[in-house]
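*Asks:* Before I ask anything, let me first share the structure, which is written out below as structure tokens.
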Amino acid sequence: IRHNNLKPSSDSQRDESRIFHLPRLPTDDGSSSSSHSPKLTAAPDRALPKMRRPQRAGGGGAPALALAIALAALAARGADASIHEYAGGGFSPRANSFFFHGGSEGLYASDPSSNSSASFIRFDSVIFRRTQESASRHEDMQQKTGLVEAIIVEIQDRDKIGGSYLHSDAICCTPELDKEKFCKVGEVIIRPNPDNPDWPKRIQTFFDGKNEETPMVTQTVSINKTGMYYLYFMFCDPQLKGLKIIGRTVWRNPQGYLPGKMAPMMTFYGFMSLAYLALGLLWFIQFVRLWKDILQLHYHITAVIALGMCEMAFWYFEYANFNSTGTRPMGITLWAVTFTAVKKTVSRLLLLVVSMGYGVIVPTLGGITSRVAALGFIYFIASEALELVENLGNINDFSGKTRLFLVLPVAVLDATFIIWIFSSLSRTLEKLQLRRSMAKLELYRKFTNSLAVSVLISIAWIGYELYFNATDPLSELWQRAWIIPSFWNVLSYALLVIICVLWSPSRNPTGFAYSEDAGDGADEEGLSLVGSAVKGTGDMVNLHVFPEDKRA
């Protein structure tokens with residue numbers, strides 16, 4: 001049971017309260033309104049500070065409903081990514097100012113030696129639209145009848161926004177502060193960084209006369225320092241209340257459009273694709289050499305390896321396309337999400353049926369086959385819905401209750417799998433002890449120990465995740481955030497390797513195959529299922545005979 005994403009649950013209001021050093025303004029459902037955030041689409045760690053992934057469990061109807069909701073919402077919105085789109089979003093009050101959260105991403109500094117390796121934030125076709133009532137208060141020939149500011153701040157400079165350094169709770173300049181020449185009335189208070197006077201960056205856009213709309217000049221802001229950057233659109237004049245914003249901003253790193261927290265994942269998926277390919281080749285060689293002795297269980301293991309290989313390859317190409325174009329290819333992303341959900345489901349089912357002794361102490365699952373299949377189907381639906389929301393949509397578009405609706409099912413279903421797996425292992429070990437099937441017992445003890453170690457490691461890692469997320473609310477450690485989701489992929493791969501080694505195809509398959517002879521335990525005692533002798537290229541595991549149990 002774990003979270004797969006790169007940032008914990010957060011919302012724009014919480015981020016503003018930390019950046020502007022002001023108390024958080026609560027909303028009706030305890031989270032920020034979707035209108036306060038742009039329509040951003042990115043992936044496991046998108047541009048806006050992350051909100052933890054949804055997960056779900058329960059009856060068959062509820063997961064299906066969750067999948068339907070996710071598909072409907074995502075189909076209507078598409079899949080953009082490092083392109084932050086604003087579709088008529090409103091501004092929220094904060095102290096004596098009004099703000100709109102334009103996005104946030106980890107950006108690396110531009111490479112000065114290459115023009116093609118520039119890191120920037122570009123404002124494309126951004127238009128501000130005020131109400132007719134607000135515009136009618138001015139004359140046609142008046143100039144500068146309203147001011148909107150775009151503020152770009154690196155998270156380390158957050159204390160330079162607002163009047164905290166002047167011992168004031170104001171964000172916008174007041175007449176008193178203006179008299180003391182600290183700022184200008186109507187503008188956001190910004191204390192320049194002494195090491196870089198141009199930052200935090202301020203870009204001003206004015207309304208003229210009675211115009212209800214004013215475009216922001218198309219421009220590009222170069223990023224020359226690596227950091228986590230936040231963009232806010234702000235105004236101080238209460239007469240502009242009701243202002244809306246449309247348009248988009250494009251964020252780019254030196255190596256492409258992938259957000260900084262996501263960029264290392266492309267390399268990781270590339271390495272994992274090679275790792276699954278290597279495991280698949282070794283397994284295929286052994287599978288072909290000993291095809292006459294193949295058991296049904298070996299086909300299940302082969303399917304999991306193939307799914308893992310496809311999953312990693314699809315994610316790599318999805319990230320590569322995203323990095324080169326700035327948008328997420330809907331088709332590849334859907335395939336990658338589906339392969340992830342299928343592989344997670346099949347992997348859990350494989351662990352479960354192995355724990356039940358399928359093909360080892362029982363030839364079939366009997367009456368519980370339908371229950372196992374039902375659990376797998378429900379888990380697939382819940383996992384698919386969760387992955388769709390995480391990878392194809394802006395999680396800020398969903399309320400806190402909706403996110404919880406998606407999160408709980410996968411968590412509950414994961415817990416169900418864990419309990420069922422270990423209870424089945426306990427019964428299997430007990431049966432093998434009663435039958436004195438020492439070879440099979442040795443195999444299952446090693447399998448049980450491996451699972452127990454993986455659970456302990458998982459618990460320790462979850463603790464680290466909680467600590468990481470609690471101590472990094474503003475993503476200041478964004479360059480290390482990719483390690484969190486990567487760990488779970490590595491752990492899943494390690495468990496698969498262990499199963500491949502323990503249940504490797506062998507010339508003596510009867511050592512761990514089901515036998516109708518109730519007393520087969522005596523015969524199989526002469527076989528050690530975990531012999532480590534390696535013979536010849538392609539042999540993954542070889543069984544050997546205990547000297548003391550050799551028979552004529």
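Ordering of the structure tokens sets the chain letters (A, B, ...); residue numbers start at 1 within each chain; ligands are numbered from 1 in the order shown.
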Region 294-311 of chain A: which residues within 9 Å, counting only C-alpha atoms, same-chain residues fewer than 2 positions away excluded, as a PDB file with N, CA, C and O atoms, in the first residue's frame?
*Replies:*
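Saved file part.pdb follows:
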ATOM      1  N   MET A 272      14.889   0.571 -16.837  1.00  0.00           N
ATOM      2  CA  MET A 272      13.983  -0.510 -16.434  1.00  0.00           C
ATOM      3  C   MET A 272      13.531  -1.329 -17.646  1.00  0.00           C
ATOM      4  O   MET A 272      13.340  -2.549 -17.546  1.00  0.00           O
ATOM      5  N   SER A 273      13.368  -0.679 -18.796  1.00  0.00           N
ATOM      6  CA  SER A 273      13.026  -1.428 -20.014  1.00  0.00           C
ATOM      7  C   SER A 273      14.129  -2.427 -20.354  1.00  0.00           C
ATOM      8  O   SER A 273      13.860  -3.583 -20.701  1.00  0.00           O
ATOM      9  N   LEU A 274      15.381  -1.996 -20.240  1.00  0.00           N
ATOM     10  CA  LEU A 274      16.511  -2.892 -20.498  1.00  0.00           C
ATOM     11  C   LEU A 274      16.575  -4.007 -19.464  1.00  0.00           C
ATOM     12  O   LEU A 274      16.902  -5.164 -19.795  1.00  0.00           O
ATOM     13  N   ALA A 275      16.254  -3.684 -18.204  1.00  0.00           N
ATOM     14  CA  ALA A 275      16.281  -4.701 -17.156  1.00  0.00           C
ATOM     15  C   ALA A 275      15.235  -5.775 -17.415  1.00  0.00           C
ATOM     16  O   ALA A 275      15.510  -6.984 -17.281  1.00  0.00           O
ATOM     17  N   TYR A 276      14.027  -5.371 -17.794  1.00  0.00           N
ATOM     18  CA  TYR A 276      12.980  -6.356 -18.109  1.00  0.00           C
ATOM     19  C   TYR A 276      13.342  -7.147 -19.365  1.00  0.00           C
ATOM     20  O   TYR A 276      13.034  -8.342 -19.476  1.00  0.00           O
ATOM     21  N   LEU A 277      13.991  -6.480 -20.327  1.00  0.00           N
ATOM     22  CA  LEU A 277      14.417  -7.183 -21.534  1.00  0.00           C
ATOM     23  C   LEU A 277      15.438  -8.261 -21.202  1.00  0.00           C
ATOM     24  O   LEU A 277      15.351  -9.393 -21.701  1.00  0.00           O
ATOM     25  N   LEU A 279      15.860  -9.789 -18.279  1.00  0.00           N
ATOM     26  CA  LEU A 279      15.178 -10.872 -17.559  1.00  0.00           C
ATOM     27  C   LEU A 279      14.352 -11.719 -18.522  1.00  0.00           C
ATOM     28  O   LEU A 279      14.334 -12.956 -18.422  1.00  0.00           O
ATOM     29  N   GLY A 280      13.691 -11.052 -19.470  1.00  0.00           N
ATOM     30  CA  GLY A 280      12.883 -11.790 -20.439  1.00  0.00           C
ATOM     31  C   GLY A 280      13.719 -12.706 -21.314  1.00  0.00           C
ATOM     32  O   GLY A 280      13.305 -13.837 -21.614  1.00  0.00           O
ATOM     33  N   TRP A 283      14.808 -15.726 -19.210  1.00  0.00           N
ATOM     34  CA  TRP A 283      13.658 -16.607 -18.978  1.00  0.00           C
ATOM     35  C   TRP A 283      13.265 -17.336 -20.266  1.00  0.00           C
ATOM     36  O   TRP A 283      12.938 -18.525 -20.247  1.00  0.00           O
ATOM     37  N   PHE A 284      13.303 -16.633 -21.397  1.00  0.00           N
ATOM     38  CA  PHE A 284      12.920 -17.243 -22.672  1.00  0.00           C
ATOM     39  C   PHE A 284      13.881 -18.372 -23.052  1.00  0.00           C
ATOM     40  O   PHE A 284      13.453 -19.434 -23.526  1.00  0.00           O
ATOM     41  N   PHE A 287      13.068 -21.207 -20.908  1.00  0.00           N
ATOM     42  CA  PHE A 287      11.741 -21.685 -21.282  1.00  0.00           C
ATOM     43  C   PHE A 287      11.822 -22.568 -22.530  1.00  0.00           C
ATOM     44  O   PHE A 287      11.211 -23.653 -22.598  1.00  0.00           O
ATOM     45  N   LEU A 290      13.738 -26.012 -22.032  1.00  0.00           N
ATOM     46  CA  LEU A 290      13.048 -27.028 -21.229  1.00  0.00           C
ATOM     47  C   LEU A 290      11.542 -26.986 -21.468  1.00  0.00           C
ATOM     48  O   LEU A 290      10.743 -27.193 -20.553  1.00  0.00           O
ATOM     49  N   TRP A 291      11.151 -26.731 -22.716  1.00  0.00           N
ATOM     50  CA  TRP A 291       9.738 -26.539 -23.003  1.00  0.00           C
ATOM     51  C   TRP A 291       8.884 -27.770 -22.725  1.00  0.00           C
ATOM     52  O   TRP A 291       7.687 -27.668 -22.434  1.00  0.00           O
ATOM     53  N   LYS A 292       9.480 -28.952 -22.758  1.00  0.00           N
ATOM     54  CA  LYS A 292       8.705 -30.165 -22.474  1.00  0.00           C
ATOM     55  C   LYS A 292       8.345 -30.289 -20.997  1.00  0.00           C
ATOM     56  O   LYS A 292       7.451 -31.050 -20.634  1.00  0.00           O
ATOM     57  N   ALA A 313       8.503   0.185 -21.537  1.00  0.00           N
ATOM     58  CA  ALA A 313       8.782   0.722 -22.874  1.00  0.00           C
ATOM     59  C   ALA A 313       7.780   1.821 -23.238  1.00  0.00           C
ATOM     60  O   ALA A 313       8.158   2.881 -23.761  1.00  0.00           O
ATOM     61  N   PHE A 314       6.498   1.593 -22.949  1.00  0.00           N
ATOM     62  CA  PHE A 314       5.486   2.608 -23.259  1.00  0.00           C
ATOM     63  C   PHE A 314       5.721   3.880 -22.459  1.00  0.00           C
ATOM     64  O   PHE A 314       5.592   4.994 -22.991  1.00  0.00           O
ATOM     65  N   TRP A 315       6.066   3.726 -21.165  1.00  0.00           N
ATOM     66  CA  TRP A 315       6.313   4.922 -20.363  1.00  0.00           C
ATOM     67  C   TRP A 315       7.536   5.667 -20.876  1.00  0.00           C
ATOM     68  O   TRP A 315       7.553   6.907 -20.886  1.00  0.00           O
ATOM     69  N   TYR A 316       8.556   4.956 -21.297  1.00  0.00           N
ATOM     70  CA  TYR A 316       9.747   5.633 -21.820  1.00  0.00           C
ATOM     71  C   TYR A 316       9.399   6.447 -23.064  1.00  0.00           C
ATOM     72  O   TYR A 316       9.768   7.628 -23.171  1.00  0.00           O
ATOM     73  N   TRP A 335      -2.185   3.743 -23.435  1.00  0.00           N
ATOM     74  CA  TRP A 335      -1.615   2.399 -23.461  1.00  0.00           C
ATOM     75  C   TRP A 335      -0.711   2.163 -22.256  1.00  0.00           C
ATOM     76  O   TRP A 335      -0.748   1.102 -21.626  1.00  0.00           O
ATOM     77  N   ALA A 336       0.116   3.155 -21.940  1.00  0.00           N
ATOM     78  CA  ALA A 336       1.024   3.009 -20.801  1.00  0.00           C
ATOM     79  C   ALA A 336       0.240   2.848 -19.505  1.00  0.00           C
ATOM     80  O   ALA A 336       0.567   1.993 -18.661  1.00  0.00           O
ATOM     81  N   VAL A 337      -0.804   3.658 -19.335  1.00  0.00           N
ATOM     82  CA  VAL A 337      -1.633   3.575 -18.130  1.00  0.00           C
ATOM     83  C   VAL A 337      -2.308   2.215 -18.039  1.00  0.00           C
ATOM     84  O   VAL A 337      -2.355   1.594 -16.969  1.00  0.00           O
ATOM     85  N   THR A 338      -2.821   1.720 -19.169  1.00  0.00           N
ATOM     86  CA  THR A 338      -3.506   0.426 -19.164  1.00  0.00           C
ATOM     87  C   THR A 338      -2.540  -0.716 -18.869  1.00  0.00           C
ATOM     88  O   THR A 338      -2.860  -1.624 -18.091  1.00  0.00           O
ATOM     89  N   PHE A 339      -1.361  -0.683 -19.474  1.00  0.00           N
ATOM     90  CA  PHE A 339      -0.377  -1.727 -19.188  1.00  0.00           C
ATOM     91  C   PHE A 339       0.034  -1.700 -17.717  1.00  0.00           C
ATOM     92  O   PHE A 339       0.254  -2.747 -17.108  1.00  0.00           O
ATOM     93  N   THR A 340       0.135  -0.503 -17.148  1.00  0.00           N
ATOM     94  CA  THR A 340       0.475  -0.404 -15.730  1.00  0.00           C
ATOM     95  C   THR A 340      -0.602  -1.045 -14.869  1.00  0.00           C
ATOM     96  O   THR A 340      -0.302  -1.826 -13.952  1.00  0.00           O
ATOM     97  N   VAL A 342      -2.872  -3.303 -15.786  1.00  0.00           N
ATOM     98  CA  VAL A 342      -2.931  -4.751 -16.027  1.00  0.00           C
ATOM     99  C   VAL A 342      -1.772  -5.461 -15.335  1.00  0.00           C
ATOM    100  O   VAL A 342      -1.952  -6.500 -14.693  1.00  0.00           O
ATOM    101  N   LYS A 343      -0.568  -4.896 -15.447  1.00  0.00           N
ATOM    102  CA  LYS A 343       0.595  -5.535 -14.844  1.00  0.00           C
ATOM    103  C   LYS A 343       0.494  -5.578 -13.324  1.00  0.00           C
ATOM    104  O   LYS A 343       0.818  -6.577 -12.682  1.00  0.00           O
ATOM    105  N   LYS A 344       0.027  -4.473 -12.715  1.00  0.00           N
ATOM    106  CA  LYS A 344      -0.153  -4.461 -11.272  1.00  0.00           C
ATOM    107  C   LYS A 344      -1.160  -5.517 -10.845  1.00  0.00           C
ATOM    108  O   LYS A 344      -0.962  -6.214  -9.838  1.00  0.00           O
ATOM    109  N   VAL A 346      -2.114  -8.352 -12.564  1.00  0.00           N
ATOM    110  CA  VAL A 346      -1.610  -9.704 -12.810  1.00  0.00           C
ATOM    111  C   VAL A 346      -0.495 -10.061 -11.820  1.00  0.00           C
ATOM    112  O   VAL A 346      -0.404 -11.206 -11.357  1.00  0.00           O
ATOM    113  N   SER A 347       0.351  -9.103 -11.470  1.00  0.00           N
ATOM    114  CA  SER A 347       1.428  -9.364 -10.514  1.00  0.00           C
ATOM    115  C   SER A 347       0.864  -9.763  -9.158  1.00  0.00           C
ATOM    116  O   SER A 347       1.336 -10.717  -8.525  1.00  0.00           O
ATOM    117  N   LEU A 350      -0.602 -13.195  -9.401  1.00  0.00           N
ATOM    118  CA  LEU A 350       0.453 -14.201  -9.432  1.00  0.00           C
ATOM    119  C   LEU A 350       0.956 -14.510  -8.024  1.00  0.00           C
ATOM    120  O   LEU A 350       1.102 -15.678  -7.631  1.00  0.00           O
ATOM    121  N   VAL A 354       0.356 -18.233  -6.281  1.00  0.00           N
ATOM    122  CA  VAL A 354       1.553 -18.943  -5.833  1.00  0.00           C
ATOM    123  C   VAL A 354       1.462 -19.215  -4.341  1.00  0.00           C
ATOM    124  O   VAL A 354       1.802 -20.301  -3.860  1.00  0.00           O
ATOM    125  N   TYR A 358      -0.911 -23.037  -5.919  1.00  0.00           N
ATOM    126  CA  TYR A 358      -1.431 -23.439  -7.224  1.00  0.00           C
ATOM    127  C   TYR A 358      -0.345 -24.129  -8.044  1.00  0.00           C
ATOM    128  O   TYR A 358       0.754 -23.610  -8.226  1.00  0.00           O
ATOM    129  N   GLY A 359      -0.659 -25.326  -8.529  1.00  0.00           N
ATOM    130  CA  GLY A 359       0.278 -26.101  -9.331  1.00  0.00           C
ATOM    131  C   GLY A 359       1.341 -26.801  -8.521  1.00  0.00           C
ATOM    132  O   GLY A 359       2.158 -27.537  -9.073  1.00  0.00           O
ATOM    133  N   TYR A 493      10.149  -5.289  -9.499  1.00  0.00           N
ATOM    134  CA  TYR A 493      11.047  -6.049 -10.378  1.00  0.00           C
ATOM    135  C   TYR A 493      11.846  -7.069  -9.569  1.00  0.00           C
ATOM    136  O   TYR A 493      12.021  -8.216 -10.003  1.00  0.00           O
ATOM    137  N   LEU A 496       9.774 -10.085  -8.802  1.00  0.00           N
ATOM    138  CA  LEU A 496       9.601 -10.906  -9.994  1.00  0.00           C
ATOM    139  C   LEU A 496      10.847 -11.744 -10.267  1.00  0.00           C
ATOM    140  O   LEU A 496      10.748 -12.924 -10.639  1.00  0.00           O
ATOM    141  N   ILE A 499      10.859 -14.724  -7.912  1.00  0.00           N
ATOM    142  CA  ILE A 499       9.933 -15.774  -8.359  1.00  0.00           C
ATOM    143  C   ILE A 499      10.509 -16.523  -9.553  1.00  0.00           C
ATOM    144  O   ILE A 499      10.402 -17.761  -9.645  1.00  0.00           O
ATOM    145  N   CYS A 500      11.138 -15.800 -10.474  1.00  0.00           N
ATOM    146  CA  CYS A 500      11.734 -16.451 -11.645  1.00  0.00           C
ATOM    147  C   CYS A 500      12.841 -17.427 -11.220  1.00  0.00           C
ATOM    148  O   CYS A 500      12.998 -18.493 -11.823  1.00  0.00           O
ATOM    149  N   TRP A 503      11.087 -20.479  -9.187  1.00  0.00           N
ATOM    150  CA  TRP A 503      10.237 -21.334 -10.021  1.00  0.00           C
ATOM    151  C   TRP A 503      10.786 -21.430 -11.454  1.00  0.00           C
ATOM    152  O   TRP A 503      10.028 -21.557 -12.406  1.00  0.00           O
ATOM    153  N   SER A 504      12.078 -21.409 -11.593  1.00  0.00           N
ATOM    154  CA  SER A 504      12.680 -21.517 -12.918  1.00  0.00           C
ATOM    155  C   SER A 504      12.351 -22.867 -13.556  1.00  0.00           C
ATOM    156  O   SER A 504      12.289 -23.893 -12.872  1.00  0.00           O
ATOM    157  N   PRO A 505      12.114 -22.905 -14.884  1.00  0.00           N
ATOM    158  CA  PRO A 505      11.906 -24.184 -15.567  1.00  0.00           C
ATOM    159  C   PRO A 505      13.070 -25.135 -15.279  1.00  0.00           C
ATOM    160  O   PRO A 505      14.234 -24.722 -15.241  1.00  0.00           O
ATOM    161  N   SER A 506      12.756 -26.414 -15.082  1.00  0.00           N
ATOM    162  CA  SER A 506      13.776 -27.382 -14.695  1.00  0.00           C
ATOM    163  C   SER A 506      13.502 -28.731 -15.358  1.00  0.00           C
ATOM    164  O   SER A 506      12.373 -29.029 -15.748  1.00  0.00           O
ATOM    165  N   PRO A 509      10.740 -31.085 -13.039  1.00  0.00           N
ATOM    166  CA  PRO A 509       9.618 -30.256 -12.613  1.00  0.00           C
ATOM    167  C   PRO A 509       8.759 -30.906 -11.546  1.00  0.00           C
ATOM    168  O   PRO A 509       8.032 -30.223 -10.830  1.00  0.00           O
ATOM    169  N   ALA A 513       5.968 -29.668  -8.815  1.00  0.00           N
ATOM    170  CA  ALA A 513       4.683 -29.784  -9.491  1.00  0.00           C
ATOM    171  C   ALA A 513       3.719 -30.578  -8.620  1.00  0.00           C
ATOM    172  O   ALA A 513       4.109 -31.359  -7.755  1.00  0.00           O
TER     173      ALA A 513
END
*Asks:* Can you tell me which residues surround Leu349 (chain A) at a distance of at most 9 Å, considering only C-alpha atoms, apart from same-chain residues fewer than 5 positions away, and format the answer as a PyMOL selection string?
*Replies:* chain A and resi 344+354+372-373+375-376+417
*Asks:* Output as an MDAnalysis selection string all residues of region 308-453 of chain A that backbone DSSP marks as alpha helix (DSSP H).
*Replies:* chainID A and resid 308:325 330:355 369:392 400:435 438:453
*Asks:* Those same residues - C-alpha atoms - I'd like them written as a short mmCIF file (atom, residue, chain, number, x, y, z; two decimals), in the first residue's frame.
*Replies:*
data_model
loop_
_atom_site.label_atom_id
_atom_site.label_comp_id
_atom_site.auth_asym_id
_atom_site.auth_seq_id
_atom_site.Cartn_x
_atom_site.Cartn_y
_atom_site.Cartn_z
CA GLY A 308 6.47 -5.33 -17.35
CA MET A 309 8.59 -5.00 -20.49
CA CYS A 310 5.74 -3.35 -22.42
CA GLU A 311 4.82 -1.10 -19.50
CA MET A 312 8.33 0.32 -19.11
CA ALA A 313 8.78 0.72 -22.87
CA PHE A 314 5.49 2.61 -23.26
CA TRP A 315 6.31 4.92 -20.36
CA TYR A 316 9.75 5.63 -21.82
CA PHE A 317 8.34 6.56 -25.24
CA GLU A 318 5.52 8.55 -23.62
CA TYR A 319 8.02 10.62 -21.64
CA ALA A 320 10.31 10.99 -24.65
CA ASN A 321 7.44 12.34 -26.77
CA PHE A 322 6.32 14.63 -23.95
CA ASN A 323 9.87 15.93 -23.58
CA SER A 324 10.20 16.77 -27.27
CA THR A 325 6.75 18.30 -27.90
CA MET A 330 -3.02 10.68 -25.53
CA GLY A 331 -2.73 7.34 -27.33
CA ILE A 332 0.64 6.31 -25.90
CA THR A 333 -0.33 7.55 -22.44
CA LEU A 334 -3.55 5.51 -22.46
CA TRP A 335 -1.62 2.40 -23.46
CA ALA A 336 1.02 3.01 -20.80
CA VAL A 337 -1.63 3.57 -18.13
CA THR A 338 -3.51 0.43 -19.16
CA PHE A 339 -0.38 -1.73 -19.19
CA THR A 340 0.48 -0.40 -15.73
CA ALA A 341 -2.96 -1.30 -14.38
CA VAL A 342 -2.93 -4.75 -16.03
CA LYS A 343 0.60 -5.53 -14.84
CA LYS A 344 -0.15 -4.46 -11.27
CA THR A 345 -3.26 -6.63 -11.28
CA VAL A 346 -1.61 -9.70 -12.81
CA SER A 347 1.43 -9.36 -10.51
CA ARG A 348 -0.77 -9.37 -7.42
CA LEU A 349 -2.78 -12.30 -8.73
CA LEU A 350 0.45 -14.20 -9.43
CA LEU A 351 1.65 -13.68 -5.85
CA LEU A 352 -1.75 -14.77 -4.57
CA VAL A 353 -2.06 -18.01 -6.57
CA VAL A 354 1.55 -18.94 -5.83
CA SER A 355 0.86 -18.41 -2.13
CA THR A 369 -11.36 -19.15 -8.63
CA SER A 370 -14.32 -16.82 -9.08
CA ARG A 371 -13.42 -14.86 -5.92
CA VAL A 372 -9.81 -14.44 -7.06
CA ALA A 373 -10.95 -13.34 -10.53
CA ALA A 374 -13.47 -10.89 -9.02
CA LEU A 375 -10.81 -9.32 -6.79
CA GLY A 376 -8.49 -8.98 -9.78
CA PHE A 377 -11.20 -7.38 -11.93
CA ILE A 378 -12.17 -4.87 -9.25
CA TYR A 379 -8.52 -4.02 -8.63
CA PHE A 380 -7.94 -3.44 -12.35
CA ILE A 381 -10.89 -1.04 -12.63
CA ALA A 382 -9.87 0.91 -9.52
CA SER A 383 -6.21 1.03 -10.55
CA GLU A 384 -7.04 2.08 -14.11
CA ALA A 385 -9.21 4.95 -12.86
CA LEU A 386 -6.46 6.08 -10.51
CA GLU A 387 -3.74 5.94 -13.16
CA LEU A 388 -5.89 7.84 -15.65
CA VAL A 389 -6.48 10.69 -13.23
CA GLU A 390 -2.83 10.79 -12.19
CA ASN A 391 -1.35 10.79 -15.65
CA LEU A 392 -3.90 12.46 -17.91
CA GLY A 400 -10.64 16.66 -2.01
CA LYS A 401 -13.60 14.29 -1.66
CA THR A 402 -13.25 13.09 -5.24
CA ARG A 403 -9.55 12.40 -4.76
CA LEU A 404 -10.32 10.46 -1.59
CA PHE A 405 -12.98 8.53 -3.52
CA LEU A 406 -10.27 7.34 -5.89
CA VAL A 407 -7.52 6.82 -3.32
CA LEU A 408 -9.26 4.62 -0.77
CA PRO A 409 -10.27 1.70 -3.03
CA VAL A 410 -6.77 0.86 -4.27
CA ALA A 411 -5.41 1.16 -0.73
CA VAL A 412 -8.10 -1.16 0.65
CA LEU A 413 -7.66 -3.64 -2.20
CA ASP A 414 -3.88 -3.67 -1.73
CA ALA A 415 -4.43 -4.43 1.96
CA THR A 416 -6.83 -7.22 0.98
CA PHE A 417 -4.22 -8.76 -1.31
CA ILE A 418 -1.54 -8.61 1.41
CA ILE A 419 -3.75 -10.24 4.05
CA TRP A 420 -4.95 -12.94 1.65
CA ILE A 421 -1.43 -13.69 0.40
CA PHE A 422 0.08 -14.17 3.86
CA SER A 423 -2.89 -16.15 5.20
CA SER A 424 -2.65 -18.43 2.14
CA LEU A 425 1.09 -18.83 2.64
CA SER A 426 0.50 -19.84 6.25
CA ARG A 427 -1.96 -22.57 5.22
CA THR A 428 0.32 -23.75 2.43
CA LEU A 429 3.31 -24.09 4.76
CA GLU A 430 1.17 -25.98 7.26
CA LYS A 431 0.00 -28.44 4.60
CA LEU A 432 3.54 -29.03 3.37
CA GLN A 433 4.74 -29.72 6.91
CA LEU A 434 1.95 -32.22 7.48
CA ARG A 435 2.80 -34.01 4.23
CA MET A 438 10.49 -31.00 2.56
CA ALA A 439 11.61 -29.82 -0.88
CA LYS A 440 8.45 -27.82 -1.47
CA LEU A 441 8.54 -26.60 2.12
CA GLU A 442 12.07 -25.30 1.58
CA LEU A 443 10.91 -23.48 -1.55
CA TYR A 444 7.95 -21.84 0.15
CA ARG A 445 9.95 -20.84 3.18
CA LYS A 446 12.35 -18.94 0.96
CA PHE A 447 9.42 -17.38 -0.89
CA THR A 448 7.77 -16.39 2.41
CA ASN A 449 10.99 -14.86 3.72
CA SER A 450 11.39 -12.85 0.52
CA LEU A 451 7.86 -11.49 0.78
CA ALA A 452 8.28 -10.67 4.46
CA VAL A 453 11.48 -8.74 3.74
#
*Asks:* Identify, on the basis of only C-alpha atoms, every residue whose closest approach to Asn196 (chain A) does not exceed 12 Å; exclude the query and any residue fewer than 2 positions from it along the same chain; express the result as number ranges by chain.
*Replies:* A: 153-154, 157, 191-194, 198-201, 224-225
*Asks:* Might you pull out every residue within 10 Å of Asp237 (chain A), with only C-alpha atoms counted and same-chain residues fewer than 4 positions away left off, and present them as JSON, numbers by chain?
*Replies:* {"A": [96, 97, 98, 145, 146, 147, 148, 172, 185, 186, 187, 241]}
*Asks:* Just the selected residues (C-alpha atoms), exported as a tab-separated table (two decimals), in the first residue's frame, please.
*Replies:*
chain	number	residue	atom	x	y	z
A	96	ASN	CA	-5.12	43.07	0.42
A	97	SER	CA	-4.43	41.40	-2.95
A	98	PHE	CA	-6.03	39.01	-5.42
A	145	THR	CA	-7.04	52.16	-15.66
A	146	GLY	CA	-6.11	48.83	-14.14
A	147	LEU	CA	-2.92	46.89	-13.37
A	148	VAL	CA	-2.31	43.13	-13.39
A	172	CYS	CA	0.13	45.07	-1.99
A	185	VAL	CA	0.63	52.06	-4.35
A	186	GLY	CA	-1.25	49.54	-6.47
A	187	GLU	CA	1.74	47.22	-6.95
A	241	LYS	CA	-12.67	42.09	-8.67
*Asks:* Write out as a ChimeraX atom specification which residues come within 10 Å of region 214-216 of chain A when counting only C-alpha atoms, dropping same-chain ones fewer than 5 positions away.
*Replies:* /A:123-130,146,148-150,203-208,245-247
*Asks:* Could you please determine the separation between CA of Phe487 (chain A) and CA of Gln255 (chain A) in Å, to one decimal place?
*Replies:*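 Separating CA of Phe487 (chain A) from CA of Gln255 (chain A) is a distance of 24.1 Å.
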